[in-house]
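Next comes query.txt, with compact mmCIF, C-alpha atoms.
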# COMPACT_ATOMS: atom_id res chain seq x y z
CA MET A 1 12.05 -32.72 8.78
CA PHE A 2 14.70 -35.44 8.62
CA GLU A 3 12.64 -37.81 6.40
CA LEU A 4 12.66 -35.29 3.55
CA PHE A 5 16.40 -34.61 4.09
CA ILE A 6 17.31 -38.31 3.90
CA ALA A 7 15.05 -38.84 0.87
CA ARG A 8 16.86 -36.02 -0.96
CA ARG A 9 20.26 -37.52 -0.11
CA ILE A 10 19.19 -40.92 -1.44
CA TYR A 11 17.73 -39.32 -4.58
CA ARG A 12 20.98 -37.44 -5.27
CA ASP A 13 23.24 -40.32 -4.26
CA ASN A 14 25.67 -41.19 -7.04
CA ASP A 15 27.67 -43.74 -5.06
CA GLY A 16 29.17 -46.18 -7.53
CA ASN A 17 28.48 -49.09 -5.19
CA LYS A 18 24.74 -48.47 -5.36
CA GLN A 19 24.08 -49.36 -8.97
CA VAL A 20 21.69 -52.30 -8.47
CA SER A 21 18.60 -50.12 -8.37
CA ARG A 22 19.57 -47.71 -11.16
CA PRO A 23 18.06 -49.73 -14.07
CA ALA A 24 14.90 -50.40 -12.05
CA VAL A 25 14.55 -46.72 -11.18
CA LEU A 26 15.06 -45.68 -14.82
CA ILE A 27 12.45 -48.22 -15.94
CA ALA A 28 10.03 -46.98 -13.27
CA MET A 29 10.48 -43.35 -14.31
CA ALA A 30 10.11 -44.34 -17.99
CA GLY A 31 6.87 -46.12 -17.12
CA ILE A 32 5.54 -42.99 -15.41
CA ALA A 33 6.67 -40.78 -18.32
CA ILE A 34 5.20 -42.96 -21.06
CA GLY A 35 2.00 -43.62 -19.13
CA LEU A 36 1.39 -39.93 -18.44
CA ALA A 37 2.24 -38.95 -22.03
CA VAL A 38 -0.20 -41.53 -23.41
CA MET A 39 -2.94 -40.33 -21.05
CA ILE A 40 -2.47 -36.67 -22.00
CA ILE A 41 -2.34 -37.45 -25.75
CA ALA A 42 -5.38 -39.76 -25.56
CA VAL A 43 -7.47 -37.11 -23.80
CA ALA A 44 -6.23 -34.37 -26.17
CA VAL A 45 -7.17 -36.48 -29.21
CA VAL A 46 -10.65 -37.25 -27.89
CA ILE A 47 -11.31 -33.60 -26.98
CA GLY A 48 -9.98 -32.57 -30.40
CA PHE A 49 -12.16 -35.10 -32.22
CA LYS A 50 -15.26 -34.08 -30.34
CA LYS A 51 -14.65 -30.38 -31.00
CA GLU A 52 -13.75 -30.89 -34.66
CA VAL A 53 -16.60 -33.22 -35.58
CA SER A 54 -19.30 -31.49 -33.53
CA SER A 55 -18.25 -28.05 -34.84
CA LYS A 56 -18.74 -29.25 -38.42
CA VAL A 57 -22.08 -30.88 -37.73
CA ILE A 58 -23.26 -27.79 -35.84
CA GLY A 59 -21.79 -25.51 -38.52
CA PHE A 60 -24.10 -27.01 -41.12
CA GLY A 61 -27.15 -27.53 -38.95
CA SER A 62 -26.85 -25.21 -35.96
CA HIS A 63 -27.76 -26.31 -32.42
CA ILE A 64 -31.54 -26.55 -32.75
CA GLN A 65 -33.83 -26.78 -35.77
CA ILE A 66 -37.52 -26.05 -36.15
CA SER A 67 -39.00 -27.67 -39.25
CA ASN A 68 -42.21 -29.21 -40.58
CA PHE A 69 -43.39 -32.28 -38.68
CA ASP A 70 -43.92 -34.12 -42.00
CA ALA A 71 -40.33 -33.50 -43.16
CA VAL A 72 -38.52 -35.81 -40.70
CA ARG A 73 -35.13 -36.88 -42.11
CA SER A 74 -35.90 -35.66 -45.61
CA PHE A 75 -34.18 -33.02 -47.72
CA GLU A 76 -37.33 -32.75 -49.86
CA THR A 77 -38.80 -30.49 -47.23
CA TYR A 78 -42.29 -29.33 -46.49
CA PRO A 79 -42.63 -25.67 -45.53
CA ILE A 80 -43.44 -23.94 -42.28
CA PHE A 81 -44.58 -20.35 -41.97
CA VAL A 82 -42.17 -18.13 -40.03
CA ALA A 83 -43.34 -14.65 -39.04
CA ASP A 84 -41.21 -11.92 -37.48
CA SER A 85 -43.17 -12.37 -34.26
CA MET A 86 -41.98 -15.99 -34.02
CA ILE A 87 -38.34 -14.99 -34.51
CA ASN A 88 -38.67 -12.24 -31.89
CA ALA A 89 -40.22 -14.72 -29.45
CA LEU A 90 -37.26 -17.07 -29.93
CA TYR A 91 -34.82 -14.23 -29.28
CA GLY A 92 -36.69 -13.68 -26.02
CA ASP A 93 -35.06 -16.83 -24.66
CA PRO A 94 -31.89 -15.76 -22.76
CA GLU A 95 -29.88 -18.67 -24.17
CA VAL A 96 -30.70 -18.03 -27.85
CA ASP A 97 -27.85 -16.32 -29.70
CA GLN A 98 -28.87 -16.53 -33.38
CA VAL A 99 -32.01 -17.40 -35.34
CA GLN A 100 -31.76 -17.90 -39.10
CA ARG A 101 -34.05 -19.21 -41.83
CA TYR A 102 -33.09 -21.83 -44.38
CA SER A 103 -34.60 -23.83 -47.23
CA THR A 104 -33.21 -26.94 -48.93
CA LYS A 105 -33.99 -28.45 -52.32
CA PRO A 106 -32.54 -31.70 -53.79
CA GLY A 107 -31.44 -31.56 -57.38
CA MET A 108 -28.72 -32.45 -59.85
CA ILE A 109 -25.71 -30.69 -61.35
CA LYS A 110 -25.02 -31.52 -65.00
CA THR A 111 -21.87 -30.67 -66.92
CA ASP A 112 -20.86 -31.57 -70.48
CA ASP A 113 -19.43 -34.94 -69.44
CA SER A 114 -20.79 -35.69 -65.96
CA PHE A 115 -23.63 -35.22 -63.49
CA GLN A 116 -23.95 -35.30 -59.71
CA GLY A 117 -26.77 -35.27 -57.19
CA MET A 118 -26.73 -32.36 -54.75
CA ILE A 119 -28.74 -30.38 -52.21
CA LEU A 120 -29.22 -26.66 -52.71
CA LYS A 121 -29.40 -24.85 -49.37
CA GLY A 122 -30.80 -21.33 -49.39
CA VAL A 123 -30.07 -18.78 -46.66
CA GLY A 124 -31.03 -15.18 -45.99
CA GLN A 125 -29.15 -12.03 -45.02
CA GLU A 126 -29.32 -12.88 -41.30
CA TYR A 127 -27.34 -16.11 -41.82
CA ASP A 128 -24.11 -16.49 -39.82
CA TYR A 129 -21.36 -17.23 -42.38
CA GLU A 130 -18.55 -17.72 -39.86
CA PHE A 131 -18.43 -21.49 -40.41
CA PHE A 132 -18.06 -21.10 -44.17
CA ARG A 133 -15.50 -18.31 -43.78
CA ILE A 134 -13.32 -20.67 -41.75
CA HIS A 135 -13.53 -23.40 -44.39
CA LEU A 136 -13.48 -21.18 -47.50
CA LEU A 137 -10.59 -22.13 -49.82
CA GLU A 138 -11.17 -19.87 -52.81
CA GLY A 139 -13.34 -16.95 -53.83
CA GLU A 140 -15.80 -15.15 -51.60
CA ILE A 141 -19.16 -15.56 -49.90
CA PRO A 142 -21.89 -13.66 -51.79
CA ALA A 143 -24.30 -11.38 -49.92
CA PHE A 144 -27.40 -13.58 -50.09
CA THR A 145 -30.84 -12.09 -49.42
CA ASP A 146 -34.44 -13.29 -49.28
CA SER A 147 -35.76 -10.83 -51.86
CA VAL A 148 -33.50 -11.18 -54.92
CA ALA A 149 -32.14 -14.19 -56.82
CA SER A 150 -28.35 -13.88 -56.80
CA ASN A 151 -27.78 -16.85 -59.15
CA GLU A 152 -24.53 -17.35 -57.23
CA VAL A 153 -23.44 -20.34 -55.23
CA LEU A 154 -20.81 -21.79 -52.89
CA ILE A 155 -19.67 -25.29 -53.80
CA SER A 156 -17.42 -27.77 -52.00
CA LYS A 157 -13.96 -28.67 -53.21
CA THR A 158 -15.08 -32.30 -53.37
CA LEU A 159 -17.87 -31.53 -55.84
CA ALA A 160 -15.67 -29.12 -57.79
CA ASN A 161 -13.02 -31.82 -58.25
CA LYS A 162 -15.55 -34.47 -59.24
CA LEU A 163 -17.13 -32.23 -61.88
CA LYS A 164 -13.89 -30.39 -62.87
CA LEU A 165 -15.29 -27.00 -61.92
CA GLN A 166 -13.52 -23.76 -60.99
CA LEU A 167 -14.37 -20.31 -59.70
CA GLU A 168 -16.66 -18.27 -61.95
CA ASP A 169 -17.76 -21.38 -63.86
CA LYS A 170 -21.46 -21.46 -64.67
CA ILE A 171 -23.24 -24.68 -63.76
CA TYR A 172 -26.66 -25.96 -64.78
CA THR A 173 -28.75 -27.43 -61.99
CA TYR A 174 -31.99 -29.37 -62.43
CA TYR A 175 -34.86 -30.03 -60.00
CA PHE A 176 -37.59 -32.64 -60.40
CA GLU A 177 -41.21 -32.47 -59.24
CA ASN A 178 -44.18 -32.52 -61.59
CA ASP A 179 -41.88 -31.12 -64.23
CA ILE A 180 -38.16 -30.40 -64.58
CA ARG A 181 -36.97 -26.95 -63.52
CA ALA A 182 -33.49 -25.63 -64.28
CA ARG A 183 -31.30 -22.88 -62.81
CA ARG A 184 -27.94 -21.62 -64.03
CA LEU A 185 -25.69 -20.65 -61.12
CA THR A 186 -22.24 -19.07 -60.98
CA ILE A 187 -19.60 -20.49 -58.64
CA LYS A 188 -18.40 -17.62 -56.42
CA GLY A 189 -16.64 -19.60 -53.70
CA ILE A 190 -15.21 -23.04 -52.93
CA TYR A 191 -15.20 -24.48 -49.42
CA GLN A 192 -13.96 -27.72 -47.87
CA THR A 193 -14.89 -29.14 -44.45
CA ASN A 194 -13.59 -32.72 -44.94
CA SER A 195 -17.01 -33.94 -43.81
CA SER A 196 -18.13 -36.18 -46.64
CA GLU A 197 -21.79 -36.12 -45.55
CA TYR A 198 -21.90 -32.42 -46.43
CA ASP A 199 -19.07 -31.87 -48.91
CA ASN A 200 -20.50 -34.47 -51.30
CA TYR A 201 -23.88 -32.75 -51.56
CA PHE A 202 -24.35 -29.20 -50.30
CA LEU A 203 -24.35 -26.00 -52.34
CA LEU A 204 -25.10 -22.69 -50.64
CA THR A 205 -27.21 -20.00 -52.31
CA ASP A 206 -29.90 -17.44 -51.45
CA ILE A 207 -33.16 -18.56 -49.86
CA TYR A 208 -35.19 -16.63 -52.48
CA THR A 209 -34.04 -18.99 -55.25
CA VAL A 210 -34.92 -22.15 -53.31
CA ASN A 211 -38.34 -20.87 -52.24
CA ARG A 212 -39.19 -19.95 -55.85
CA LEU A 213 -38.26 -23.47 -56.98
CA TYR A 214 -40.87 -24.78 -54.56
CA GLY A 215 -43.41 -22.06 -55.36
CA TRP A 216 -43.97 -21.34 -51.67
CA GLN A 217 -45.84 -18.39 -50.25
CA ARG A 218 -44.04 -15.43 -48.73
CA GLY A 219 -42.84 -16.30 -45.23
CA GLN A 220 -42.66 -20.05 -45.88
CA VAL A 221 -39.27 -21.74 -45.43
CA SER A 222 -37.91 -25.23 -44.78
CA GLY A 223 -37.08 -24.33 -41.23
CA LEU A 224 -35.26 -22.25 -38.63
CA GLU A 225 -31.76 -22.84 -37.29
CA ILE A 226 -31.11 -21.68 -33.75
CA GLN A 227 -27.68 -21.18 -32.19
CA ILE A 228 -27.43 -21.05 -28.43
CA LYS A 229 -24.84 -19.45 -26.16
CA ASP A 230 -23.97 -22.44 -23.97
CA TYR A 231 -23.85 -25.91 -25.54
CA ASN A 232 -24.20 -27.49 -22.09
CA GLN A 233 -27.74 -26.07 -22.00
CA LEU A 234 -28.73 -27.76 -25.28
CA SER A 235 -31.27 -30.20 -23.85
CA ILE A 236 -32.84 -27.63 -21.54
CA VAL A 237 -33.21 -25.01 -24.28
CA THR A 238 -34.54 -27.62 -26.72
CA ASP A 239 -37.22 -28.68 -24.25
CA ARG A 240 -38.12 -25.06 -23.53
CA ILE A 241 -38.52 -24.18 -27.22
CA ALA A 242 -40.36 -27.43 -27.94
CA GLU A 243 -42.82 -26.79 -25.14
CA ALA A 244 -43.76 -23.45 -26.71
CA THR A 245 -43.58 -24.51 -30.37
CA ASP A 246 -43.86 -28.27 -30.92
CA GLN A 247 -47.04 -29.45 -32.62
CA GLN A 248 -48.32 -25.89 -32.99
CA GLU A 249 -50.16 -25.25 -36.25
CA ASP A 250 -48.96 -22.48 -38.59
CA ARG A 251 -51.00 -20.25 -40.90
CA TYR A 252 -51.22 -22.92 -43.63
CA GLY A 253 -52.08 -25.87 -41.42
CA ASN A 254 -48.53 -27.27 -41.08
CA TYR A 255 -47.12 -28.34 -37.73
CA TYR A 256 -43.81 -27.26 -36.17
CA PHE A 257 -41.31 -29.86 -34.98
CA VAL A 258 -38.31 -29.06 -32.76
CA ARG A 259 -35.13 -31.16 -32.68
CA ASN A 260 -31.57 -30.46 -31.59
CA ILE A 261 -28.40 -31.42 -33.41
CA GLU A 262 -27.83 -34.54 -31.28
CA GLN A 263 -31.31 -35.82 -32.12
CA LEU A 264 -30.76 -35.09 -35.81
CA ASN A 265 -27.39 -36.89 -35.89
CA PRO A 266 -27.57 -39.60 -33.20
CA GLN A 267 -25.05 -41.91 -34.88
CA ILE A 268 -22.33 -39.23 -34.85
CA PHE A 269 -22.86 -38.15 -31.26
CA ASP A 270 -23.17 -41.76 -30.06
CA TRP A 271 -19.79 -42.43 -31.68
CA LEU A 272 -18.30 -39.43 -29.91
CA GLY A 273 -19.77 -40.68 -26.65
CA PHE A 274 -18.04 -44.06 -27.09
CA LEU A 275 -14.72 -42.24 -27.32
CA ASP A 276 -15.09 -41.17 -23.68
CA MET A 277 -15.30 -44.81 -22.59
CA ASN A 278 -12.15 -45.62 -24.56
CA VAL A 279 -10.30 -42.79 -22.83
CA TRP A 280 -11.25 -44.07 -19.38
CA LEU A 281 -9.96 -47.50 -20.34
CA ILE A 282 -6.65 -46.01 -21.52
CA LEU A 283 -6.33 -43.93 -18.35
CA VAL A 284 -6.84 -46.96 -16.08
CA LEU A 285 -4.43 -49.17 -18.06
CA MET A 286 -1.67 -46.56 -18.27
CA LEU A 287 -2.02 -45.67 -14.60
CA GLY A 288 -1.80 -49.35 -13.72
CA VAL A 289 1.32 -49.89 -15.84
CA ALA A 290 3.01 -46.79 -14.43
CA GLY A 291 2.08 -47.74 -10.86
CA PHE A 292 3.36 -51.31 -11.07
CA THR A 293 6.68 -50.27 -12.61
CA MET A 294 7.04 -47.76 -9.80
CA ILE A 295 6.21 -50.44 -7.18
CA SER A 296 8.93 -52.75 -8.53
CA GLY A 297 11.43 -49.89 -8.51
CA LEU A 298 10.63 -48.96 -4.91
CA LEU A 299 10.92 -52.59 -3.72
CA ILE A 300 14.38 -52.86 -5.26
CA ILE A 301 15.44 -49.58 -3.63
CA ILE A 302 14.19 -50.77 -0.23
CA LEU A 303 16.08 -54.06 -0.55
CA GLU A 304 19.20 -52.22 -1.65
CA ARG A 305 18.94 -49.89 1.35
CA THR A 306 18.30 -52.63 3.94
CA ASN A 307 21.52 -51.81 5.77
CA MET A 308 20.60 -48.12 5.99
CA ILE A 309 17.10 -49.01 7.25
CA GLY A 310 18.60 -51.15 10.02
CA ILE A 311 20.92 -48.33 11.11
CA LEU A 312 18.03 -45.83 11.20
CA LYS A 313 15.97 -48.24 13.32
CA ALA A 314 18.91 -48.77 15.68
CA LEU A 315 19.20 -44.98 16.08
CA GLY A 316 15.54 -44.81 17.14
CA ALA A 317 13.70 -44.08 13.89
CA SER A 318 10.24 -45.63 13.75
CA ASN A 319 8.82 -47.67 10.89
CA TYR A 320 6.51 -44.73 10.14
CA ASN A 321 9.47 -42.31 9.82
CA ILE A 322 11.40 -44.64 7.54
CA ARG A 323 8.34 -45.30 5.38
CA LYS A 324 7.98 -41.55 4.94
CA VAL A 325 11.59 -41.40 3.73
CA PHE A 326 10.86 -43.84 0.93
CA LEU A 327 7.51 -42.27 0.12
CA TRP A 328 9.26 -38.90 -0.30
CA LEU A 329 11.81 -40.65 -2.52
CA SER A 330 8.92 -42.04 -4.58
CA VAL A 331 7.49 -38.54 -4.98
CA PHE A 332 10.85 -37.32 -6.35
CA LEU A 333 11.10 -40.20 -8.81
CA ILE A 334 7.46 -39.92 -9.88
CA GLY A 335 7.85 -36.15 -10.28
CA LYS A 336 10.87 -36.57 -12.55
CA GLY A 337 9.02 -39.14 -14.63
CA MET A 338 6.03 -36.80 -14.88
CA LEU A 339 8.22 -33.95 -16.09
CA TRP A 340 9.48 -36.15 -18.93
CA GLY A 341 5.94 -37.35 -19.64
CA ASN A 342 4.61 -33.79 -19.90
CA ALA A 343 7.53 -32.81 -22.14
CA ILE A 344 6.86 -35.75 -24.48
CA ALA A 345 3.11 -35.11 -24.61
CA LEU A 346 3.43 -31.35 -25.22
CA THR A 347 6.06 -31.92 -27.92
CA ILE A 348 3.78 -34.35 -29.77
CA TYR A 349 0.86 -31.95 -29.31
CA PHE A 350 2.85 -29.03 -30.77
CA LEU A 351 4.14 -31.03 -33.76
CA GLN A 352 0.66 -32.37 -34.59
CA THR A 353 -1.20 -29.07 -34.24
CA GLN A 354 1.40 -27.16 -36.24
CA PHE A 355 2.43 -29.67 -38.93
CA HIS A 356 -0.44 -32.25 -38.96
CA LEU A 357 1.96 -35.20 -39.19
CA LEU A 358 -0.64 -37.89 -38.37
CA LYS A 359 -3.11 -38.12 -41.27
CA LEU A 360 -6.61 -39.58 -41.39
CA ASP A 361 -9.13 -40.49 -44.08
CA PRO A 362 -11.67 -37.61 -44.05
CA GLU A 363 -14.29 -39.91 -45.62
CA THR A 364 -14.34 -41.87 -42.35
CA TYR A 365 -13.19 -39.48 -39.63
CA TYR A 366 -14.55 -36.08 -40.80
CA THR A 367 -11.04 -34.60 -40.71
CA ASP A 368 -7.83 -35.11 -42.70
CA SER A 369 -5.49 -35.23 -39.68
CA VAL A 370 -5.65 -36.26 -36.02
CA PRO A 371 -7.13 -33.26 -34.15
CA MET A 372 -5.79 -32.41 -30.70
CA SER A 373 -7.03 -29.97 -28.10
CA ILE A 374 -5.77 -29.56 -24.54
CA ASN A 375 -8.05 -28.33 -21.78
CA ILE A 376 -5.81 -26.79 -19.10
CA TRP A 377 -8.04 -27.98 -16.23
CA ILE A 378 -8.15 -31.56 -17.51
CA PHE A 379 -4.39 -31.39 -18.10
CA LEU A 380 -3.80 -30.38 -14.48
CA LEU A 381 -6.28 -32.97 -13.24
CA ILE A 382 -4.46 -35.78 -15.08
CA ASN A 383 -1.13 -34.67 -13.57
CA ILE A 384 -2.49 -34.35 -10.04
CA GLY A 385 -4.42 -37.62 -10.33
CA THR A 386 -1.34 -39.47 -11.62
CA LEU A 387 0.81 -38.15 -8.75
CA LEU A 388 -1.75 -39.01 -6.07
CA ALA A 389 -2.60 -42.45 -7.48
CA SER A 390 1.08 -43.36 -7.89
CA VAL A 391 1.98 -42.29 -4.34
CA LEU A 392 -1.01 -44.17 -2.89
CA MET A 393 0.13 -47.29 -4.74
CA MET A 394 3.50 -46.96 -2.95
CA LEU A 395 1.89 -47.32 0.49
CA GLY A 396 1.64 -51.10 0.19
CA PRO A 397 5.28 -51.81 -0.76
CA SER A 398 6.50 -49.43 1.95
CA PHE A 399 5.15 -51.89 4.60
CA LEU A 400 8.12 -54.12 3.72
CA ILE A 401 10.18 -51.80 5.91
CA THR A 402 8.32 -53.04 9.03
CA LYS A 403 9.60 -56.58 8.38
CA ILE A 404 13.27 -55.58 8.43
CA ASN A 405 15.09 -56.48 11.69
CA PRO A 406 17.83 -54.01 12.73
CA ALA A 407 20.14 -56.70 14.12
CA THR A 408 20.28 -58.74 10.93
CA SER A 409 19.89 -55.88 8.44
CA MET A 410 23.06 -54.05 9.55
CA ARG A 411 25.06 -57.12 8.47
CA TYR A 412 23.24 -57.21 5.14
CA GLU A 413 25.08 -56.07 2.02

Structure encoded using structure tokens:
Amino acid sequence: MFELFIARRIYRDNDGNKQVSRPAVLIAMAGIAIGLAVMIIAVAVVIGFKKEVSSKVIGFGSHIQISNFDAVRSFETYPIFVADSMINALYGDPEVDQVQRYSTKPGMIKTDDSFQGMILKGVGQEYDYEFFRIHLLEGEIPAFTDSVASNEVLISKTLANKLKLQLEDKIYTYYFENDIRARRLTIKGIYQTNSSEYDNYFLLTDIYTVNRLYGWQRGQVSGLEIQIKDYNQLSIVTDRIAEATDQQEDRYGNYYFVRNIEQLNPQIFDWLGFLDMNVWLILVLMLGVAGFTMISGLLIIILERTNMIGILKALGASNYNIRKVFLWLSVFLIGKGMLWGNAIALTIYFLQTQFHLLKLDPETYYTDSVPMSINIWIFLLINIGTLLASVLMMLGPSFLITKINPATSMRYE
């Protein structure tokens, strides 16, 4: 295939007399490299943000919650009755992976020289502690149960710093209803998620302690947290559980209410959704910049090779054949630019994931550094899409070849 052969010769040509197009070609390849690198990094950052933020929100609240209908958006919860039969029925759903009880109680921590509002969250022995194990900085996670008061607690690093507390310190906590109730708890572990909404308030203890503070009956809890196997099925599973549970009355006349994590935290997930739109904007802009720099480079190459085009036409080559020569040349140049772009993007990705060079304010962004995550399929799709879009953009400039006259072009230098 002579078009590919000629394109390779032009690509490898180091003739000193053909230096007009070199700066344009280098600029075109730089445009492709920078554009592709920015696209890969932008997508990696968005995927990383979504995974980091959603994992923390889900870590504290699970995928789906069943609570009392009267306790909407309130930490001063009303109870629901949860029997073993209800838990077994939930496990009967093929998408349900974990069902765990919880109870929450607002209160206050008081030390000798300070005080701080907080929320005491009680969990039972079936609770999945993986999220807290990942974010545990010091100490250990106690074995909480629903039958014995452990008087032990996990506290965040944020609260510990504010109140100047350390492991094994004993803290006095106070709870207000008709009267003031107090509990002395021992700090057994310190965690940090960099999510201010949770780190500023939550303490983790056993569910028995929280239920006793309320004076609830056996089997009453603030709610159930349900983890599912496939997050993509969140809406479907939520609707299925709600259909069987929502507005049903429990033993004590309370009503169940089912909501998923996106319904509980709409502002966070709406923000994450806006990030997708920003990424599409970046992709379009970078692809446009890369394409136009490549178009200018190809036009300069065509003008520089006018004499060669005239000779090929005189020897019987058609406009279609010659256009293919320059399209193959474009593929070589685009490919080289893409190699540099991938190298730049992967280098930045490695440095950021290993050394966390780019810092963020965790109070605003839920993380202390820019998170990055690369999905191999999206990575390949960006590369293939960039190559195809760039080559398609070369079709227009290649029509310039049809305007070149062999008789005049062979005298052109």

Considering only C-alpha atoms, can you say which of A:Asn278, A:Thr353, A:Gln125, A:Asn319 comes closest to Lys403 of chain A?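 Selected residue with least distance to Lys403 of chain A: A:Asn319.
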
Using all atoms listed in the file, determine which residues lie at most 12 Å from Trp216 of chain A, disregarding the query and same-chain residues fewer than 3 positions distant; provide the list as a VMD selection string. chain A and resid 77 to 81 103 207 to 213 219 to 222 252

Nearest to Phe202 of chain A: which of A:Ser156, A:Asn178, A:Gln263, A:Gln217 is it, counting only C-alpha atoms?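 Distance minimum relative to Phe202 of chain A lands on A:Ser156.
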
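Compared by their closest atoms to Leu224 of chain A, and using all atoms listed in the file, the residues A:Val82, A:Ala143, A:Ile155, A:Ile302 rank with A:Val82 nearest.
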
Taking 5 positions as the minimum chain separation for residues in the same chain, which residues sit within 12 Å of Gln354 of chain A when counting all atoms listed in the file? Answer as a VMD selection string. chain A and resid 346 to 349 369 to 372

Within 10 Å of Val391 of chain A, counting only C-alpha atoms, which residues show up once you throw out same-chain ones fewer than 3 positions away? Write them as an NGL selection string, please. :A and (291 or 294-295 or 327-328 or 330-331 or 334 or 385-388 or 394-396)

Could you check the closest approach to Tyr191 of chain A for each of A:Ile344, A:Leu137, A:Ala242, A:Val237 and tell me which residue wins, using only C-alpha atoms? A:Leu137

In Å, how far is it from atom CA of Asn194 of chain A to atom CA of Tyr231 of chain A?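 The value is 23.0 Å.
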
I'd like to know which of A:Asp113, A:Asp199, A:Asp179, A:Glu152 is closest to Tyr366 of chain A, using all atoms listed in the file.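 Checking each of A:Asp113, A:Asp199, A:Asp179, A:Glu152 against Tyr366 of chain A, counting all atoms listed in the file, the winner is A:Asp199.
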
List as a ChimeraX atom specification the protein and nucleic acid residues near Ala30 of chain A, meaning an atom at most 10 Å away when only C-alpha atoms are counted, but skip any in the same chain fewer than 2 places from it. /A:24-28,32-36,290,293-294,334,336-338,340-341

Separation of atom CA of Met39 of chain A from atom CA of Leu283 of chain A in Å: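 Atom-to-atom, atom CA of Leu283 of chain A and atom CA of Met39 of chain A are spaced 5.6 Å apart.
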
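Comparing A:Ile190, A:Ile301, A:Val53, A:Val258 by their smallest distance to Gly139 of chain A, the closest is A:Ile190 (using all atoms listed in the file).
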
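Interatomic distance, atom CA of Lys164 of chain A against atom CA of Gly61 of chain A: 27.5 Å.
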
Find the nearest atom pair between each residue of segment 206-230 of chain A and segment 128-132 of chain A for residues within 12 Å, count only C-alpha atoms, give distances in Å to one decimal, sort rows by chain and ascending number, and present the table as JSON lines.
{"residue": "A:Glu225", "atom": "CA", "partner": "A:Asp128", "partner_atom": "CA", "distance": 10.3}
{"residue": "A:Ile226", "atom": "CA", "partner": "A:Asp128", "partner_atom": "CA", "distance": 10.6}
{"residue": "A:Gln227", "atom": "CA", "partner": "A:Asp128", "partner_atom": "CA", "distance": 9.6}

I'd like the contact shell of segment 88-99 of chain A - 10 Å cut-off, all atoms listed in the file, skipping same-chain residues fewer than 3 positions apart - returned as a PyMOL selection string. chain A and resi 62-65+83-85+126-128+224-231+233-234+236-237+240-241+244-245
